[in-house]
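Worksheet for the structure shown next.
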Amino acid sequence: MKIISTKVMKGPNFWSNYRKHIIIMKLDLEELEQSPTNKIKGFSERIEQLIPSMFSHRCSESHEGGFFLRIKEGTWIGHVVEHIALEIQTLAGMDCGYGRTRSDSKEGVYFVIFAYHVEKAGLYAAEAAVRIAQALVDNVPYDINKDIEVLKKLKAKYGLGPSTQSIVEEALERGIPYKRLNNSSMVLFGQGIYQKKIRATLTSSTSHMGVEIACDKNETKTILKSAYIPTPESELVYDDLDLELAVQNVGFPVVIKPINGNHGRGITINIQTLEQAKEAFKLAKEISEDVLVERYLVGADFRFLLINFKLVAVAKRTPAFVIGDGKSTINQLIDETNLDPARGDGHENMLTKIKIDKLTLDILAQKNYTLETIPPQGEEVLLKDTANISTGGTATDVTHLVHPANVFMAERISKLLNMDICGIDVMTENIEVPLTNQNGGVIEVNACPGFRMHLSPTNGKPRNVAAHVVDMLYPQGMPSRIPLVAVTGTNGKTTTTRLIAHMAKQAGHLVGYTTTDGTYIQEHLINTGDCTGPVSAQTVLTDPTIDFAVLECARGGILRAGLGFDNCDISIITNISEDHLSLDGIDTLSDMTRVKSVVAHSTFKHGYAILNADDERVFNLNEELDCNIALFSIEPNNQRVAEHCNKGGLAVILDNGFVTICAGQTKIPVEKINDIPLSMGGKADSMIKNILPAVLTAYLKNFTLKNIRIALKSFIPSPQFTPGRMNLFHFKDFDVMIDYAHNSGGFVELKSFMEKTISTCKIGIIAAVGDRRDEDIRNVGVFASQTFDEIIIRHDKNLRGRTKEELNTLIMEGVNSVKANMQVKVISDEKEALLYAIKNAQKGSFITVCTDCVQETIDYLSKMHQEEIQNSETINQTLLKAS
């Protein structure tokens with residue numbers, strides 16, 4: 001078997017609107033299509049032996065062992081690959097859960113679909129699952145543990161740490177969208193002007209100066225002392241001479257630490273001699289040039305966590321240790337402790353594995369112990385001298401025990417350093433009494449404190465400290481989302497998107513929008529090209545200058561990676577017709593309807609899906625959507641609309657020549673259709689079908705009727721507002737229109753418009769897209785012959801797998817099926833074809849160029865039009881002078 005392709009979904013998608021993070025692997029089973037699992041000798045026994053944990057997979061049997069039962073009865077290897085991909089991720093600490101396997105139209109080809117938490121791990125799992133399944137089929141040994149170790153490393157490297165993950169999960173619980181900004185811990189919450197950023201537990205509101213102060217332990221102590229906060233005596237040292245003087249002044253026992261270290265690195269405590277101090281000084285110098293000598297305080301280590309300047313949790317931290325059983329060596333006890341699934345490498349799990357280092361060996365040596373020593377039953381053997389969770393320590397929640405005076409002190413410290421989130425380390429015997437210089441002190445203040453010890457303490461009550469972070473970022477009543485309108489369909493998406501954006505701007509919004517032409521931020525084109533996919537959507541939604549988004553959502557982006565957002569307020573489906581079929585596994589109009597419906601299914605339950613009531617496939621989606629429905633129709637007596645409004649529904653129609661909003665039985669006339677420039681005097685049905693859902697969107701977003709009317713009157717079909725969509729140029733003796741018609745639906749609308757256009761000769765410059773079906777290309781010829789008197793066939797720059805001759809032949813087959821004697825000329829280059837048509841146009845002609853290169857053709861024709869105007873002005877001036 002072989003992998004044909006692998007896609008990563010990051011949003012609502014063709015396969016699932018609710019599970020956004022899934023891998024789609026297209027797998028060709030080749031000869032294995034003829035070999036379900038019950039026909040592969042020994043397969044069932046081998047997979048149960050290799051991955052016994054898969055017994056928990058219920059599969060369609062809905063009970064444990066269900067998947068193994070399916071294997072015995074016989075299932076296809078693609079299904080097996082799906083389950084293996086899920087299980088090896090679970091064994092690596094990423095319980096993903098969701099998977100499906102679906103057959104393609106081609107025999108032996110399957111779409112293997114499964115969830116992931118970490119993208120790179122998901123992609124690795126896809127390939128590893130195929131290798132494992134093949135090894136099981138071939139009955140060859142396979143070391144699955146190597147794959148699991150790789151997956152663990154990928155999780156540790158690219159996954160979010162527990163602290164960041166807890167904030168993300170809390171935000172998701174509240175419906176706040178998020179996006180990772182890098183492969184580390186930087187995350188953006190919210191959209192547009194409401195966005196907030198975090199990096200681990202630093203937030204966009206955290207004081208930079210506060211972080212700088214907290215990172216300098218000496219400066220921190222200076223501020224604390226000046227505020228009469230209990231803190232141990234200390235001195236800053238730079239060399240051995242300074243060290244000796246500092247030790248004398250402070251007095252043994254002392255602590256030596258780098259001035260800007262973290263996670264306990266370079267710290268040595270309870271130093272009793274000058275020799276020990278010199279060794280500790282060398283260790284600290286490896287971390288920082290400046291070193292602090294501090295009086296050693298006796299007591300327990302407590303971490304106070306403050307968020308938004310309020311104390312939210314306190315944990316008593318205990319250094320890493322093991323308890324003797326009278327049988328095992330210290331080394332064996334450490335190994336056993338590290339087997340705890342709660343322990344991981346670094347910060348990946350709630351606890352960290354205990355690592356044996358020089359400090360561990362030195363601590364053991366002080367007791368005349370080695371790693372091979374067998375401590376007696378019940379003895380606690382200390383392995384580290386600092387209580388950091390990152391070095392294997394444990395934590396006990398003691399929040400409820402803290403004396404009010406200590407709460408006040410901690411909150412005062414956070415304000416003294418202007419730290420909205422910080423961790424304060426306190427040494428004392430008892431936090432139930434006020435802290436003084438006689439019973440303890442504040443050791444240091446930490447920026448970006450870890451949450452692990454509070455979220456899941458070893459003992460005591462877990463504290464949802466992440467909730468306090470989200471409360472601070474988004475206080476009650478503060479929005480996190482901007483209004484989001486998503487537009488999809490076969491034709492009309494771009495113009496509808498542009499018109500809605502124009503209306504929103506007229507209503508006073510700062511708008512970002514995406515189209516097939518580019519991405520726009522407040523009318524500024526920031527990126528050109530087809531920007532209808534998820535990347536462009538995220539560009540808009542993560543821009544901090546906008547408060548309203550309109551996103552064109554095309555088929556390609558949905559199939560390639562899913563939507564670039566989770567939910568929208570309003571979705572629009574303009575229509576569904578034959579285009580892009582037999583591409584990416586989408587073979588029928590029913591398939592295409594499913595693709596487009598992804599956008600409608602993403603609509604919030606309280607939002608609105610605006611559906612074309614004149615399109616049966618679009619209209620029928622209303623039965624499966626879990627949101628409000630609004631309809632639009634170009635037909636004033638559409639029965640579907642009438643029934644919908646009779647039930648109190650919302651719609652927009654053409655009524656007595658007016659764009660009319662129907663709210664139940666109430667009719668609100670908006671504007672006469674012939675007076676709306678985009679309707680081309682009421683002749684362009686295709687444009688009217690764009691106007692209607694745009695007006696309904698504006699009404700739903702509470703734009704005033706005055707602003708709606710102004711926007712409709714000021715939105716002119718032109719290269720400025722609708723590039724490549726019915727851009728009309730009036731020359732002296734003929735008219736030229738640039739249009740983007742490229743599929744059957746587009747040509748049907750073009751035909752309707754041309755039937756209402758009076759001219760002496762209608763000339764069409766047409767082309768067909770190479771990756772469409774033969775019948776779609778023939779239809780270009782059929783519709784062109786029904787629309788024009790003369791045809792010029794041109795070719796796109798990208799022929800998409802066809803030759804020019806093939807395209808010409810298929811188009812001509814369509815032409816000849818309607819008009820065998822049609823006047824047809826082939827001029828491959830678009831500009832040359834246009835120039836030929838203009839030079840040979842008779843007076844009163846109407847030339848339509850169905851363009852491939854929109855902006856190039858607009859520029860070319862604009863220049864030609866301007867030259868004619870200038871020449872005309874020169875002639876008029878000459879005649880005026882002569883007279």
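Just remember, in the structure tokens the first chain shown is A, the second B, etc., residues are 1-based per chain, and ligands are 1-based in the order shown.
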
Alpha helix (DSSP H) call set, DSSP backbone run, region 194-392 of chain A, as a VMD selection string: chain A and resid 208 to 215 217 to 226 240 to 250 274 to 285 330 to 338 358 to 366

Spatial neighbours of region 376-382 of chain A, 9 Å, only C-alpha atoms, chain gap at least 3 places, as a VMD selection string: chain A and resid 319 to 327 330 360 363 to 364 385

Non-local contacts of region 172-174 of chain A (12 Å; only C-alpha atoms; under 6 positions in same chain excluded) as a ChimeraX atom specification: /A:165-166,189-190,466-467,470-471,474-481,566

Selected residue of minimal separation from Pro162 (chain A) among A:Ala609, A:Val291, A:Val782, A:Ala200, counting only C-alpha atoms: A:Ala200

Closest of A:Thr428, A:Arg46, A:Asp735, A:Phe632 to Asp138 (chain A) - atom-to-atom distances counting only C-alpha atoms: A:Arg46

Selection: 10 Å around Leu728 (chain A), only C-alpha atoms, excl. self and same-chain fewer than 2 positions, as an MDAnalysis selection string: chainID A and resid 680 717:719 724:726 730:731 735:739 846:848

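The residue that comes closest to Asn690 (chain A), out of A:Thr206, A:Asn707, A:Phe111, A:Leu712 and on the basis of only C-alpha atoms, is A:Leu712.
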
Shell of 8 Å around Pro723 (chain A), only C-alpha atoms, local chain residues under 6 positions omitted, as a PyMOL selection string: chain A and resi 854-855+858

Contacts of Phe302 (chain A) within 8 Å, only C-alpha atoms, excl. fewer than 6 positions in-chain, as a PyMOL selection string: chain A and resi 314-317+425-428

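Each of A:Leu631, A:Ile573, A:Leu834, A:Leu306 was checked against Val618 (chain A) using only C-alpha atoms; the smallest atom-to-atom distance is that of A:Ile573.
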
DSSP strand (DSSP E) residues within region 503-602 of chain A, listed as a PyMOL selection string: chain A and resi 511-514+518-521+524-528+548-552+568-573

Using N, CA and C atoms, can you export the residues from the last selection as a compact mmCIF listing (two decimals), in the first residue's frame?
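What ended up in part33.txt:
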```txt
# COMPACT_ATOMS: atom_id res chain seq x y z
N VAL A 511 -13.04 47.49 8.34
CA VAL A 511 -13.33 46.20 7.72
C VAL A 511 -12.09 45.53 7.16
N GLY A 512 -12.00 44.22 7.36
CA GLY A 512 -11.03 43.38 6.67
C GLY A 512 -11.80 42.33 5.87
N TYR A 513 -11.36 42.07 4.64
CA TYR A 513 -12.08 41.07 3.84
C TYR A 513 -11.14 40.37 2.88
N THR A 514 -11.57 39.16 2.46
CA THR A 514 -10.77 38.35 1.55
C THR A 514 -11.59 38.02 0.31
N GLY A 518 -7.62 39.18 -3.66
CA GLY A 518 -6.63 39.55 -2.67
C GLY A 518 -7.24 39.72 -1.29
N THR A 519 -6.38 40.11 -0.36
CA THR A 519 -6.78 40.38 1.02
C THR A 519 -6.72 41.88 1.26
N TYR A 520 -7.78 42.40 1.88
CA TYR A 520 -7.90 43.84 2.10
C TYR A 520 -8.06 44.13 3.59
N ILE A 521 -7.29 45.09 4.07
CA ILE A 521 -7.44 45.60 5.43
C ILE A 521 -7.76 47.08 5.33
N HIS A 524 -7.17 48.69 2.06
CA HIS A 524 -5.79 48.58 1.57
C HIS A 524 -5.53 47.14 1.13
N LEU A 525 -5.14 46.96 -0.12
CA LEU A 525 -4.81 45.64 -0.64
C LEU A 525 -3.44 45.24 -0.10
N ILE A 526 -3.41 44.25 0.80
CA ILE A 526 -2.13 43.88 1.42
C ILE A 526 -1.54 42.62 0.81
N ASN A 527 -2.36 41.87 0.04
CA ASN A 527 -1.85 40.67 -0.61
C ASN A 527 -2.70 40.38 -1.83
N THR A 528 -2.05 40.12 -2.96
CA THR A 528 -2.79 39.84 -4.19
C THR A 528 -2.85 38.35 -4.46
N PHE A 548 -14.57 44.24 11.87
CA PHE A 548 -15.60 43.58 11.08
C PHE A 548 -14.90 42.80 9.98
N ALA A 549 -15.28 41.52 9.81
CA ALA A 549 -14.62 40.67 8.81
C ALA A 549 -15.64 40.08 7.85
N VAL A 550 -15.30 40.10 6.56
CA VAL A 550 -16.10 39.45 5.53
C VAL A 550 -15.15 38.53 4.77
N LEU A 551 -15.44 37.24 4.78
CA LEU A 551 -14.50 36.27 4.23
C LEU A 551 -15.14 35.46 3.11
N GLU A 552 -14.53 35.52 1.93
CA GLU A 552 -14.94 34.65 0.84
C GLU A 552 -14.33 33.27 1.06
N CYS A 568 -19.02 31.59 12.51
CA CYS A 568 -19.32 32.91 11.95
C CYS A 568 -20.71 33.34 12.42
N ASP A 569 -20.96 34.64 12.34
CA ASP A 569 -22.26 35.18 12.74
C ASP A 569 -23.28 34.98 11.62
N ILE A 570 -22.81 35.20 10.40
CA ILE A 570 -23.69 35.08 9.23
C ILE A 570 -22.94 34.31 8.15
N SER A 571 -23.62 33.31 7.58
CA SER A 571 -23.06 32.62 6.42
C SER A 571 -23.99 32.83 5.24
N ILE A 572 -23.42 32.86 4.05
CA ILE A 572 -24.19 33.05 2.82
C ILE A 572 -23.78 31.98 1.82
N ILE A 573 -24.77 31.30 1.24
CA ILE A 573 -24.48 30.41 0.11
C ILE A 573 -25.22 30.99 -1.09
```

Which of A:Glu294, A:Glu244, A:Glu671, A:Asp615 sits closest to Thr273 (chain A) [using only C-alpha atoms]: A:Glu244

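The shortest atom-to-atom distance to Thr370 (chain A), with only C-alpha atoms taken into account, belongs to A:Asn331 out of A:Asn331, A:Gln49, A:His400, A:Asp240.
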
Interatomic distance, CA of Tyr228 (chain A) to CA of Asn406 (chain A) (Å, one decimal):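 Between CA of Tyr228 (chain A) and CA of Asn406 (chain A) the gap works out to 13.2 Å.
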
Pull the closest atom pair for each residue of region 230-274 of chain A that gets at most 8 Å from region 429-452 of chain A, along with the distance in Å to one decimal, counting only C-alpha atoms, ordering rows by chain and then ascending residue number, as a tab-separated table.
```
residue	atom	partner	partner_atom	distance
A:Pro230	CA	A:Gly441	CA	4.7
A:Thr231	CA	A:Gly441	CA	4.3
A:Pro232	CA	A:Gly441	CA	5.9
```

With N, CA and C atoms kept, could you save the residues just selected as a short mmCIF file (atom, residue, chain, number, x, y, z; two decimals), in the first residue's frame?
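File written: selection_11.cif
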```cif
data_model
loop_
_atom_site.label_atom_id
_atom_site.label_comp_id
_atom_site.auth_asym_id
_atom_site.auth_seq_id
_atom_site.Cartn_x
_atom_site.Cartn_y
_atom_site.Cartn_z
N PRO A 230 9.66 41.33 54.41
CA PRO A 230 10.68 40.43 54.96
C PRO A 230 11.42 39.70 53.85
N THR A 231 12.73 39.83 53.85
CA THR A 231 13.55 39.16 52.84
C THR A 231 14.93 38.94 53.44
N PRO A 232 15.59 37.81 53.15
CA PRO A 232 16.88 37.52 53.78
C PRO A 232 17.98 38.47 53.33
#
```
